[in-house]
>>> print(open('data-v5.txt').read())   # compact mmCIF, C-alpha atoms
# COMPACT_ATOMS: atom_id res chain seq x y z
CA MET A 1 0.00 0.00 0.00
CA THR A 2 1.47 3.33 -1.04
CA HIS A 3 1.58 6.16 1.45
CA ALA A 4 0.58 9.75 0.77
CA PRO A 5 3.76 11.72 -0.09
CA ARG A 6 5.11 13.73 2.81
CA THR A 7 7.80 16.41 2.80
CA GLY A 8 10.12 17.19 5.68
CA ILE A 9 10.99 20.80 6.49
CA TRP A 10 14.16 20.94 8.60
CA LEU A 11 14.63 24.36 10.20
CA ILE A 12 18.03 25.58 11.37
CA GLY A 13 17.17 27.72 14.37
CA ALA A 14 14.03 25.67 14.97
CA ARG A 15 13.11 27.24 18.31
CA GLY A 16 13.49 30.82 17.16
CA SER A 17 10.72 33.29 16.41
CA VAL A 18 10.57 32.74 12.65
CA ALA A 19 10.60 28.94 12.91
CA THR A 20 8.02 28.84 15.70
CA THR A 21 5.72 31.19 13.82
CA THR A 22 6.16 29.09 10.67
CA MET A 23 5.24 25.82 12.38
CA ALA A 24 2.37 27.24 14.43
CA GLY A 25 1.10 29.07 11.38
CA CYS A 26 1.19 25.98 9.17
CA ALA A 27 -0.78 24.02 11.78
CA ALA A 28 -3.33 26.85 12.00
CA LEU A 29 -3.78 26.93 8.23
CA VAL A 30 -4.22 23.16 8.01
CA ALA A 31 -6.86 23.33 10.75
CA GLY A 32 -8.67 26.12 8.91
CA LEU A 33 -8.21 28.57 11.80
CA HIS A 34 -6.75 31.36 9.66
CA PRO A 35 -6.46 32.20 5.94
CA PRO A 36 -3.05 31.89 4.20
CA THR A 37 -2.34 35.62 4.22
CA GLY A 38 1.09 36.45 2.77
CA MET A 39 1.54 33.14 0.92
CA ALA A 40 1.99 33.57 -2.84
CA THR A 41 1.82 29.78 -3.22
CA GLU A 42 -1.82 29.90 -2.11
CA THR A 43 -2.83 32.37 -4.83
CA PRO A 44 -4.31 31.42 -8.24
CA GLY A 45 -1.05 32.19 -10.06
CA LEU A 46 0.67 29.20 -8.44
CA ALA A 47 -2.35 26.94 -7.97
CA ASP A 48 -1.23 24.51 -10.68
CA ALA A 49 2.43 24.20 -9.66
CA GLY A 50 1.91 20.80 -8.03
CA LEU A 51 3.28 21.94 -4.67
CA PRO A 52 3.16 19.66 -1.61
CA PRO A 53 0.01 20.38 0.44
CA LEU A 54 0.50 22.13 3.74
CA ALA A 55 -1.00 19.12 5.50
CA SER A 56 1.80 16.93 4.11
CA LEU A 57 4.62 18.95 5.72
CA VAL A 58 6.50 17.44 8.68
CA PHE A 59 8.76 19.71 10.74
CA GLY A 60 12.03 19.15 12.56
CA GLY A 61 15.27 21.01 12.97
CA HIS A 62 18.40 22.01 14.87
CA ASP A 63 18.81 24.56 17.64
CA THR A 64 21.28 25.28 20.42
CA THR A 65 18.52 26.20 22.91
CA ASP A 66 16.10 23.85 24.65
CA CYS A 67 12.96 25.96 25.17
CA PRO A 68 9.98 23.74 24.19
CA LEU A 69 8.05 24.98 21.17
CA PRO A 70 4.69 25.37 23.00
CA LYS A 71 6.39 27.61 25.56
CA ARG A 72 8.13 29.57 22.80
CA ALA A 73 4.78 30.00 21.07
CA GLU A 74 3.26 31.33 24.28
CA GLN A 75 6.09 33.86 24.51
CA LEU A 76 5.30 34.98 20.98
CA THR A 77 1.64 35.30 21.94
CA THR A 78 2.58 37.58 24.82
CA ALA A 79 4.72 39.61 22.38
CA GLY A 80 1.73 40.04 20.06
CA VAL A 81 3.11 37.89 17.24
CA LEU A 82 0.70 34.96 17.52
CA PRO A 83 -3.02 35.46 18.21
CA TYR A 84 -4.35 34.49 21.63
CA GLY A 85 -5.62 30.94 21.78
CA LEU A 86 -3.59 29.70 18.82
CA THR A 87 -0.94 27.89 20.85
CA ARG A 88 -3.57 25.89 22.72
CA ALA A 89 -5.27 24.99 19.43
CA VAL A 90 -2.07 23.66 17.85
CA THR A 91 -0.22 22.36 20.92
CA ARG A 92 -0.23 18.78 19.64
CA GLU A 93 1.41 19.80 16.37
CA LEU A 94 4.00 21.93 18.17
CA GLU A 95 4.81 19.08 20.56
CA ALA A 96 5.26 16.71 17.61
CA ALA A 97 7.65 19.15 15.93
CA ASP A 98 9.49 19.72 19.20
CA ARG A 99 10.24 16.00 19.47
CA GLU A 100 12.03 16.27 16.11
CA ILE A 101 14.41 19.08 17.12
CA ARG A 102 18.01 18.01 17.68
CA PRO A 103 20.89 19.85 19.41
CA GLY A 104 22.74 22.19 17.08
CA GLY A 105 26.24 23.49 17.41
CA PRO A 106 28.86 24.34 18.09
CA ALA A 107 27.60 25.17 21.58
CA PRO A 108 29.80 26.81 24.22
CA GLY A 109 32.54 24.36 25.17
CA ASP A 110 31.83 22.11 22.18
CA THR A 111 35.10 20.38 21.27
CA ARG A 112 33.87 18.58 18.14
CA THR A 113 35.68 19.27 14.89
CA ASP A 114 33.97 20.64 11.80
CA GLU A 115 33.90 17.13 10.33
CA GLN A 116 32.36 15.64 13.46
CA LEU A 117 29.67 18.34 13.53
CA ILE A 118 28.83 17.85 9.86
CA THR A 119 28.61 14.09 10.38
CA ALA A 120 26.29 14.51 13.37
CA PHE A 121 24.03 16.95 11.53
CA THR A 122 23.91 14.66 8.49
CA HIS A 123 22.84 11.75 10.68
CA ASP A 124 20.04 13.85 12.17
CA LEU A 125 18.72 14.66 8.69
CA THR A 126 18.85 11.12 7.32
CA ASP A 127 17.37 9.67 10.51
CA PHE A 128 14.48 12.16 10.29
CA ARG A 129 13.79 11.20 6.69
CA ARG A 130 14.01 7.44 7.11
CA ARG A 131 12.32 7.08 10.48
CA ILE A 132 9.23 9.06 9.43
CA GLY A 133 9.23 7.80 5.85
CA LEU A 134 9.52 11.16 4.14
CA ASP A 135 9.87 11.52 0.39
CA ARG A 136 12.33 14.36 0.76
CA VAL A 137 13.63 16.86 3.30
CA VAL A 138 14.21 20.55 2.58
CA VAL A 139 16.66 22.33 4.90
CA VAL A 140 15.87 25.98 5.63
CA ASN A 141 18.26 28.22 7.56
CA VAL A 142 16.27 30.66 9.72
CA ALA A 143 18.89 31.05 12.46
CA SER A 144 20.18 34.38 13.73
CA THR A 145 22.57 36.23 11.45
CA GLU A 146 26.17 35.23 12.06
CA PRO A 147 29.14 37.61 11.71
CA ALA A 148 30.96 37.61 8.39
CA SER A 149 33.24 34.59 8.06
CA GLY A 150 36.84 35.01 9.05
CA GLY A 151 37.47 32.88 12.12
CA VAL A 152 39.03 29.45 12.46
CA GLY A 153 37.11 26.67 10.76
CA LEU A 154 33.83 26.84 8.87
CA PRO A 155 31.05 29.15 10.09
CA PRO A 156 28.08 27.33 11.66
CA SER A 157 25.76 28.10 8.75
CA THR A 158 28.20 26.38 6.40
CA LEU A 159 28.42 23.31 8.66
CA TYR A 160 24.65 22.92 8.43
CA ALA A 161 24.71 23.54 4.67
CA ALA A 162 27.44 20.91 4.23
CA ALA A 163 25.29 18.42 6.14
CA ALA A 164 22.35 19.17 3.85
CA LEU A 165 24.49 18.35 0.82
CA ARG A 166 25.68 15.08 2.33
CA ALA A 167 22.16 14.07 3.19
CA GLY A 168 20.94 14.89 -0.31
CA CYS A 169 18.63 17.66 0.89
CA PRO A 170 17.67 20.81 -1.04
CA TYR A 171 18.78 23.89 0.87
CA ILE A 172 17.37 27.38 1.41
CA ASN A 173 19.29 30.17 3.14
CA PHE A 174 16.73 32.65 4.49
CA THR A 175 19.51 34.55 6.31
CA PRO A 176 22.48 36.67 5.18
CA SER A 177 24.87 34.14 6.74
CA THR A 178 27.43 32.38 4.55
CA GLY A 179 25.77 28.96 4.18
CA LEU A 180 26.50 27.37 0.81
CA ARG A 181 28.48 30.36 -0.43
CA HIS A 182 31.64 29.33 1.40
CA PRO A 183 34.43 28.40 -1.05
CA ALA A 184 34.89 25.04 0.71
CA LEU A 185 31.46 23.96 -0.53
CA ALA A 186 31.83 24.98 -4.18
CA ALA A 187 32.87 21.52 -5.39
CA PRO A 188 30.45 19.44 -3.30
CA LEU A 189 27.61 21.82 -4.21
CA ALA A 190 28.27 21.40 -7.92
CA ALA A 191 28.49 17.62 -7.52
CA SER A 192 25.31 17.37 -5.48
CA ARG A 193 22.91 18.28 -8.30
CA LEU A 194 20.53 19.63 -5.65
CA PRO A 195 18.27 22.68 -6.00
CA HIS A 196 19.09 25.51 -3.63
CA ALA A 197 18.00 29.09 -3.05
CA GLY A 198 18.97 32.16 -1.04
CA ARG A 199 19.91 34.37 0.47
CA ASP A 200 18.35 36.63 3.13
CA GLY A 201 14.56 36.80 3.05
CA LYS A 202 13.06 40.01 1.67
CA THR A 203 10.42 40.96 4.24
CA GLY A 204 10.26 44.73 4.68
CA GLN A 205 12.60 47.59 3.82
CA THR A 206 14.20 45.84 0.86
CA LEU A 207 10.78 44.73 -0.38
CA LEU A 208 9.84 48.41 -0.68
CA ARG A 209 13.15 49.25 -2.32
CA ALA A 210 12.55 46.56 -4.96
CA VAL A 211 9.28 48.35 -5.84
CA LEU A 212 10.37 51.98 -5.56
CA ALA A 213 13.82 51.86 -7.20
CA PRO A 214 12.44 50.64 -10.57
CA MET A 215 9.78 53.37 -10.37
CA PHE A 216 12.47 56.08 -10.22
CA ARG A 217 14.40 54.48 -13.07
CA GLN A 218 11.35 54.02 -15.29
CA ARG A 219 10.19 57.60 -14.72
CA ALA A 220 13.73 58.89 -15.47
CA LEU A 221 14.02 60.57 -12.07
CA THR A 222 17.57 60.93 -10.78
CA VAL A 223 18.09 59.50 -7.31
CA ARG A 224 20.86 61.42 -5.54
CA ALA A 225 20.79 59.75 -2.12
CA TRP A 226 18.98 56.87 -0.45
CA SER A 227 19.53 56.42 3.27
CA GLY A 228 17.81 54.08 5.67
CA SER A 229 17.52 53.20 9.32
CA ASN A 230 16.26 50.07 11.09
CA LEU A 231 15.15 49.77 14.71
CA LEU A 232 14.53 46.24 15.89
CA GLY A 233 14.59 44.06 18.97
CA GLY A 234 14.37 40.33 19.62
CA GLY A 235 17.05 37.84 18.69
CA ASP A 236 17.72 39.48 15.33
CA GLY A 237 18.26 42.86 16.95
CA ALA A 238 20.77 41.39 19.39
CA ALA A 239 22.58 39.52 16.62
CA LEU A 240 22.74 42.55 14.35
CA ALA A 241 24.21 44.69 17.12
CA ASP A 242 27.46 43.01 16.04
CA PRO A 243 28.89 45.27 13.30
CA ALA A 244 30.12 42.26 11.32
CA ALA A 245 26.66 40.70 11.29
CA ALA A 246 25.06 44.04 10.39
CA ALA A 247 27.49 44.43 7.48
CA ALA A 248 26.36 41.08 6.05
CA LYS A 249 22.73 42.17 6.35
CA ASN A 250 23.27 45.58 4.77
CA ALA A 251 25.06 44.13 1.75
CA GLY A 252 21.81 42.52 0.64
CA LYS A 253 19.79 45.66 1.33
CA GLU A 254 22.10 47.71 -0.87
CA ARG A 255 22.17 45.23 -3.75
CA VAL A 256 18.72 46.12 -5.07
CA LEU A 257 19.71 49.80 -5.37
CA THR A 258 22.97 49.05 -7.14
CA ASP A 259 21.33 46.53 -9.49
CA THR A 260 18.52 48.94 -10.35
CA LEU A 261 20.04 52.43 -10.20
CA GLY A 262 23.72 51.64 -10.69
CA PRO A 263 26.61 52.62 -8.40
CA GLY A 264 27.07 56.08 -7.01
CA VAL A 265 23.86 56.64 -5.05
CA GLU A 266 24.83 58.18 -1.72
CA GLY A 267 23.58 56.90 1.60
CA GLN A 268 23.86 54.02 4.04
CA VAL A 269 21.62 51.76 6.07
CA HIS A 270 21.94 51.81 9.86
CA ILE A 271 20.69 49.04 12.14
CA ASP A 272 20.04 49.71 15.82
CA ASP A 273 19.20 47.13 18.46
CA VAL A 274 16.27 48.37 20.59
CA PRO A 275 15.38 45.51 22.97
CA ALA A 276 12.18 47.23 24.10
CA MET A 277 10.73 46.71 20.60
CA GLY A 278 10.70 42.95 21.14
CA GLU A 279 9.60 41.10 17.99
CA TRP A 280 8.75 44.28 16.08
CA LYS A 281 10.78 46.46 13.75
CA THR A 282 10.62 49.93 12.21
CA ALA A 283 12.36 50.73 8.94
CA TRP A 284 12.67 54.30 7.63
CA ASP A 285 14.00 55.39 4.23
CA HIS A 286 14.87 58.91 3.08
CA ILE A 287 15.16 59.29 -0.73
CA ALA A 288 16.48 62.50 -2.30
CA PHE A 289 15.86 62.81 -6.03
CA ASP A 290 15.84 65.34 -8.86
CA GLY A 291 12.79 66.08 -10.99
CA PHE A 292 12.29 68.10 -14.17
CA LEU A 293 14.69 71.06 -14.49
CA GLY A 294 16.64 69.78 -11.50
CA THR A 295 13.89 70.42 -8.97
CA ARG A 296 14.94 68.86 -5.66
CA MET A 297 12.39 66.48 -4.14
CA ILE A 298 12.16 63.96 -1.28
CA LEU A 299 10.27 60.74 -0.62
CA GLN A 300 10.19 59.16 2.84
CA THR A 301 8.80 55.75 3.74
CA LEU A 302 8.03 54.16 7.10
CA TRP A 303 7.57 50.41 7.51
CA GLN A 304 6.47 49.01 10.86
CA GLY A 305 5.91 45.31 11.16
CA CYS A 306 6.56 42.01 12.88
CA ASP A 307 9.45 40.27 11.18
CA SER A 308 8.40 36.75 12.20
CA ALA A 309 4.89 37.19 10.83
CA LEU A 310 6.32 38.63 7.61
CA ALA A 311 8.90 35.86 7.23
CA ALA A 312 6.85 32.77 8.12
CA PRO A 313 4.66 32.68 4.97
CA LEU A 314 7.75 33.16 2.82
CA VAL A 315 9.46 30.20 4.51
CA LEU A 316 6.45 28.02 3.76
CA ASP A 317 6.37 29.24 0.14
CA LEU A 318 10.07 28.62 -0.38
CA ALA A 319 10.04 25.18 1.21
CA ARG A 320 7.12 24.03 -0.96
CA LEU A 321 8.54 25.48 -4.18
CA THR A 322 11.98 24.00 -3.56
CA ALA A 323 10.53 20.61 -2.63
CA ARG A 324 8.60 20.58 -5.89
CA ALA A 325 11.70 21.60 -7.84
CA HIS A 326 13.55 18.68 -6.28
CA GLU A 327 10.70 16.32 -7.11
CA LYS A 328 10.86 17.46 -10.75
CA GLY A 329 14.59 16.84 -10.92
CA LEU A 330 15.71 20.47 -11.11
CA ALA A 331 19.24 21.19 -9.91
CA GLY A 332 21.44 24.13 -9.05
CA PRO A 333 20.52 27.68 -7.98
CA LEU A 334 16.83 28.52 -8.30
CA GLU A 335 17.17 32.05 -9.67
CA ASP A 336 13.43 32.22 -10.27
CA LEU A 337 12.92 32.46 -6.50
CA ALA A 338 14.62 35.89 -6.38
CA PHE A 339 11.19 37.33 -5.52
CA TYR A 340 11.84 36.19 -1.94
CA PHE A 341 15.44 37.31 -1.37
CA LYS A 342 17.53 40.44 -0.82
CA ASP A 343 20.68 38.83 -2.23
CA PRO A 344 19.39 36.16 -4.63
CA GLU A 345 21.37 33.59 -6.54
CA GLY A 346 22.63 34.54 -10.01
CA THR A 347 21.70 37.76 -11.81
CA PRO A 348 17.90 37.93 -11.81
CA PRO A 349 16.06 41.24 -12.37
CA ALA A 350 16.02 43.55 -9.35
CA SER A 351 12.45 44.76 -9.86
CA LEU A 352 9.89 43.00 -7.67
CA ALA A 353 7.36 43.05 -10.52
CA ASP A 354 9.82 41.34 -12.87
CA GLN A 355 10.76 38.85 -10.16
CA TYR A 356 7.09 38.05 -9.61
CA ASP A 357 6.61 37.38 -13.33
CA ARG A 358 9.54 34.95 -13.21
CA LEU A 359 8.06 33.27 -10.15
CA LEU A 360 4.76 32.67 -11.97
CA THR A 361 6.61 31.30 -14.99
CA PHE A 362 8.58 29.03 -12.66
CA GLY A 363 5.31 27.81 -11.17
CA ARG A 364 4.07 26.86 -14.63
CA THR A 365 7.34 25.02 -15.20
CA LEU A 366 6.89 23.07 -11.99
CA GLY A 367 3.38 22.11 -13.02
CA ASP A 368 4.05 21.27 -16.67
CA ARG A 369 7.63 20.05 -17.02
CA PRO A 370 7.96 16.24 -17.14
CA GLY A 371 9.71 14.91 -14.06
CA THR A 372 13.16 13.43 -14.32
CA GLY A 373 13.10 11.54 -11.07
CA ASP A 374 14.07 12.08 -7.49
CA THR A 375 17.64 13.27 -7.11
CA GLY A 376 18.47 11.95 -3.71
CA THR A 377 16.34 12.24 -0.63
CA GLY A 378 13.68 9.66 -1.37
CA GLY A 379 15.19 6.57 0.18
CA THR A 380 18.79 6.89 -0.98
CA ASP A 381 21.79 6.64 1.28
CA PRO A 382 23.18 10.11 2.06
CA GLN A 383 26.64 9.09 0.95
CA ASP A 384 25.21 8.13 -2.46
CA ALA A 385 23.54 11.50 -3.00
CA GLY A 386 26.39 12.80 -5.15
CA ALA A 387 27.75 15.34 -2.68
CA GLU A 388 31.37 15.40 -1.59
CA THR A 389 31.69 17.64 1.42
CA ALA A 390 35.05 19.34 1.59
CA ASP A 391 37.65 18.10 4.05
CA THR A 392 37.31 20.58 6.88
CA GLY A 393 40.23 19.39 8.96
CA ASP A 394 40.12 18.94 12.74
CA THR A 395 39.49 22.51 13.86
CA GLY A 396 36.06 23.35 15.23
CA THR A 397 34.42 26.75 14.92
CA GLU A 398 34.25 29.07 17.89
CA ASP A 399 30.99 30.91 17.12
CA ALA A 400 28.47 29.32 19.45
CA GLY A 401 25.59 31.63 18.70
CA THR A 402 24.44 30.64 15.23
CA GLY A 403 22.25 27.69 15.99
CA THR A 404 19.67 29.81 17.71
CA GLY A 405 16.66 30.93 15.71
CA ARG A 406 15.77 34.47 14.80
>>> encode(input="data-v5.txt", output="C-alpha cells")
Amino acid sequence: MTHAPRTGIWLIGARGSVATTTMAGCAALVAGLHPPTGMATETPGLADAGLPPLASLVFGGHDTTDCPLPKRAEQLTTAGVLPYGLTRAVTRELEAADREIRPGGPAPGDTRTDEQLITAFTHDLTDFRRRIGLDRVVVVNVASTEPASGGVGLPPSTLYAAAALRAGCPYINFTPSTGLRHPALAAPLAASRLPHAGRDGKTGQTLLRAVLAPMFRQRALTVRAWSGSNLLGGGDGAALADPAAAAAKNAGKERVLTDTLGPGVEGQVHIDDVPAMGEWKTAWDHIAFDGFLGTRMILQTLWQGCDSALAAPLVLDLARLTARAHEKGLAGPLEDLAFYFKDPEGTPPASLADQYDRLLTFGRTLGDRPGTGDTGTGGTDPQDAGAETADTGDTGTEDAGTGTGR
C-alpha cells in the first residue's frame, strides 16, 4: 500500500521566532483557523504548480537552545506575534515538531571538529527522513545572522549547509549568513545536483526598495541619495548589534539599489538594536531625487511590522517550491525564487514586478515540465547522494551563537 507523499521541512534555528511562527502558522492553516495571508503559493497564479500540500509537511530542525516549542509559542503570543488561543489549538502539532528538534552546534565548550559536527548533523537529517518515511527533506536556515566569516574553521551556517548536501537535501538560506556560499562547498555543491535558493529573506525595507527603485528608473528621475535606518529588537536585533553581522545584512539591502540604479547613489543603512521593541521592527527610508529642471524632491517611507509574521509565509512558500523543484529533478541555484530574497542567486532582475513574473513562470514550469526523477532524498543513502563535502580538517568553529533561531 502506497503512502501519501510527505515532505520534511528541517529548520536551522528551529526554536526561534521565525521557525516557531512558521510551524504554528502551518498548523493553524491546516486546521482552517486562519487564511493563508502572505503566501503567494496559495494564490491562483501558483495553484497549478503541483506543490506539496501544507497538511503533508512534517517539521524538525536544529537549535542550540532547549525551550519547548509550545512555551516559545506562548512567549510569541505575549509579544503580540501569535493570536491568543492559537498555541492551545495547535499544541499537539507543536509538541510533535518539538520531538524532532536536535541539538545544534557548536555550543559553548563544544570540542567537536567541523567534520564531526557535519557528520552529526547529516545523521540527524537522514534519521528524520528514514524514520518518518519522508519523500524528501528541505533544509531551511532561519537562524540568527552570524558575523561575516573570518574565524578558524567553517562558520556554523556552512556546517549545516554541508550536512544538507551530504544528506541529499535541497537547501534554502533565508539569512544573510554564509551557508552554501563558502568556497569550501563549491565543489560538493556542484556535484550534489541539488536545487538551492537564497539568500536573506526580503520581508520589509528591501521589499519596498525593490518596488520603488524601478519606479524612479522608469520615470527617469535621478536619485541622488537613499539612506535608511532600522530599529529592531528580539534575537535578530541582538545579533545585528554586532557590526560584522550588520554588514552582512546591509550588503543585501544595498544590492537592489545598485542593481537597479547603478553605483554612485549616496547613503547608508543603519541598524540599531532596541530591545524594548521585542519582535517588532521599524524601517525608515529617506530618498532624495531630482525632478524636471533639477527640482529637488524627497520621498520618505516608514515600515512598521513584525518580522516573524512577515517571514513565516515566505518560509512556507520557499520550502514548498523548492521541494517541488527537487521532485521534478531540477538542480542548481533557483534564480526564479529571487522574488523572496535580498541577495538572490545569479543575476535575476532587481524589480519586484519582474521577479514576480519569473516566479509565476517558474510555477508553470513546476506544473508542466515532465519529471526526471528524485535526485536523492527519497530513500537513498546520504553518501550516495552525489555530494562530496570538503575536508574541513580537525578545527572546530568558535561561534556558538548561530544555531539559535531568529
>>> residues_near_point(input="data-v5.txt", point="(14.5, 48.3, -5.9)", cutoff="8 Å", atoms="only C-alpha atoms", output="list of chain:residue names")
A:Thr206, A:Leu207, A:Leu208, A:Arg209, A:Ala210, A:Val211, A:Leu212, A:Ala213, A:Pro214, A:Val256, A:Leu257, A:Asp259, A:Thr260, A:Ala350, A:Ser351, A:Leu352
>>> residues_around(input="data-v5.txt", residues="region 102-106 of chain A", least_positions_apart="4", cutoff="12 Å", atoms="all atoms listed in the file", output="PyMOL selection string")
chain A and resi 10-15+59-68+97-98+110-125+127-128+143+153-160+163+395-405
>>> closest_residue(input="data-v5.txt", among="A:Met277, A:Ala197, A:Leu330, A:Val81", to="Lys342 (chain A)", atoms="all atoms listed in the file")
A:Ala197
>>> atom_distance(input="data-v5.txt", atom1="CA of Leu302 (chain A)", atom2="CA of Gly267 (chain A)")
16.7 Å
>>> closest_residue(input="data-v5.txt", among="A:Trp303, A:Gly233, A:Ala89, A:Ile298", to="Pro275 (chain A)", atoms="all atoms listed in the file")
A:Gly233
>>> atom_distance(input="data-v5.txt", atom1="CA of Glu74 (chain A)", atom2="CA of Thr20 (chain A)")
10.1 Å
>>> atom_distance(input="data-v5.txt", atom1="CA of Ala164 (chain A)", atom2="CA of Arg193 (chain A)")
12.2 Å
>>> closest_residue(input="data-v5.txt", among="A:Ser192, A:Thr222, A:Ser308, A:Thr41", to="Met23 (chain A)", atoms="all atoms listed in the file")
A:Ser308
>>> closest_residue(input="data-v5.txt", among="A:Ser17, A:Gly25, A:Thr258, A:Gly234", to="Lys71 (chain A)", atoms="only C-alpha atoms")
A:Ser17
>>> closest_residue(input="data-v5.txt", among="A:Thr301, A:Leu293, A:Val30, A:Gly278", to="Ser229 (chain A)", atoms="all atoms listed in the file")
A:Thr301
>>> residues_around(input="data-v5.txt", residues="Leu318 (chain A)", least_positions_apart="2", cutoff="9 Å", atoms="only C-alpha atoms", output="JSON, numbers by chain")
{"A": [41, 140, 172, 197, 313, 314, 315, 316, 320, 321, 322, 323, 337, 340]}
>>> residues_near_point(input="data-v5.txt", point="(19.6, 33.2, -9.2)", cutoff="6 Å", atoms="all atoms listed in the file", output="list in words")
Pro333, Leu334, Glu335, Pro344, Glu345, Gly346, Thr347 and Pro348 of chain A
>>> closest_residue(input="data-v5.txt", among="A:Pro5, A:Gly363, A:Gly198, A:Pro263", to="Ile132 (chain A)", atoms="all atoms listed in the file")
A:Pro5
>>> residues_around(input="data-v5.txt", residues="Arg324 (chain A)", least_positions_apart="5", cutoff="8 Å", atoms="all atoms listed in the file", output="NGL selection string")
:A and (50-52 or 366)
>>> residues_around(input="data-v5.txt", residues="Ala220 (chain A)", least_positions_apart="4", cutoff="12 Å", atoms="all atoms listed in the file", output="list in words")
Ala213, Pro214, Met215, Phe216, Leu261, Phe289, Asp290, Gly291, Phe292 and Gly294 of chain A
>>> residues_around(input="data-v5.txt", residues="Thr77 (chain A)", least_positions_apart="5", cutoff="12 Å", atoms="all atoms listed in the file", output="list of chain:residue names")
A:Ser17, A:Thr20, A:Thr21, A:Ala24, A:Pro70, A:Lys71, A:Arg72, A:Leu82, A:Pro83, A:Tyr84, A:Gly85, A:Leu86, A:Thr87, A:Arg88, A:Gly278, A:Glu279, A:Ser308, A:Ala309
>>> build_atoms(input="data-v5.txt", residues="region 57-69 of chain A", atoms="N, CA and C atoms", output="PDB file, keeping the file's coordinate frame")
ATOM      1  N   LEU A  57       3.320  18.494   5.236  1.00  0.00           N
ATOM      2  CA  LEU A  57       4.620  18.950   5.720  1.00  0.00           C
ATOM      3  C   LEU A  57       4.860  18.424   7.139  1.00  0.00           C
ATOM      4  N   VAL A  58       6.082  17.936   7.367  1.00  0.00           N
ATOM      5  CA  VAL A  58       6.500  17.440   8.680  1.00  0.00           C
ATOM      6  C   VAL A  58       7.727  18.238   9.099  1.00  0.00           C
ATOM      7  N   PHE A  59       7.706  18.787  10.317  1.00  0.00           N
ATOM      8  CA  PHE A  59       8.760  19.710  10.740  1.00  0.00           C
ATOM      9  C   PHE A  59       9.722  19.077  11.737  1.00  0.00           C
ATOM     10  N   GLY A  60      10.982  19.481  11.607  1.00  0.00           N
ATOM     11  CA  GLY A  60      12.030  19.150  12.560  1.00  0.00           C
ATOM     12  C   GLY A  60      13.088  20.227  12.455  1.00  0.00           C
ATOM     13  N   GLY A  61      14.227  20.014  13.123  1.00  0.00           N
ATOM     14  CA  GLY A  61      15.270  21.010  12.970  1.00  0.00           C
ATOM     15  C   GLY A  61      16.377  20.917  13.998  1.00  0.00           C
ATOM     16  N   HIS A  62      17.285  21.872  13.933  1.00  0.00           N
ATOM     17  CA  HIS A  62      18.400  22.010  14.870  1.00  0.00           C
ATOM     18  C   HIS A  62      18.264  23.332  15.633  1.00  0.00           C
ATOM     19  N   ASP A  63      18.693  23.322  16.879  1.00  0.00           N
ATOM     20  CA  ASP A  63      18.810  24.560  17.640  1.00  0.00           C
ATOM     21  C   ASP A  63      19.751  24.322  18.810  1.00  0.00           C
ATOM     22  N   THR A  64      20.377  25.390  19.274  1.00  0.00           N
ATOM     23  CA  THR A  64      21.280  25.280  20.420  1.00  0.00           C
ATOM     24  C   THR A  64      20.583  25.592  21.731  1.00  0.00           C
ATOM     25  N   THR A  65      19.288  25.957  21.690  1.00  0.00           N
ATOM     26  CA  THR A  65      18.520  26.200  22.910  1.00  0.00           C
ATOM     27  C   THR A  65      17.545  25.054  23.127  1.00  0.00           C
ATOM     28  N   ASP A  66      16.983  24.973  24.334  1.00  0.00           N
ATOM     29  CA  ASP A  66      16.100  23.850  24.650  1.00  0.00           C
ATOM     30  C   ASP A  66      14.713  24.283  25.110  1.00  0.00           C
ATOM     31  N   CYS A  67      14.295  25.506  24.812  1.00  0.00           N
ATOM     32  CA  CYS A  67      12.960  25.960  25.170  1.00  0.00           C
ATOM     33  C   CYS A  67      11.922  25.205  24.339  1.00  0.00           C
ATOM     34  N   PRO A  68      10.976  24.495  24.968  1.00  0.00           N
ATOM     35  CA  PRO A  68       9.980  23.740  24.190  1.00  0.00           C
ATOM     36  C   PRO A  68       9.152  24.661  23.285  1.00  0.00           C
ATOM     37  N   LEU A  69       8.777  24.157  22.131  1.00  0.00           N
ATOM     38  CA  LEU A  69       8.050  24.980  21.170  1.00  0.00           C
ATOM     39  C   LEU A  69       6.733  25.539  21.722  1.00  0.00           C
TER      40      LEU A  69
END
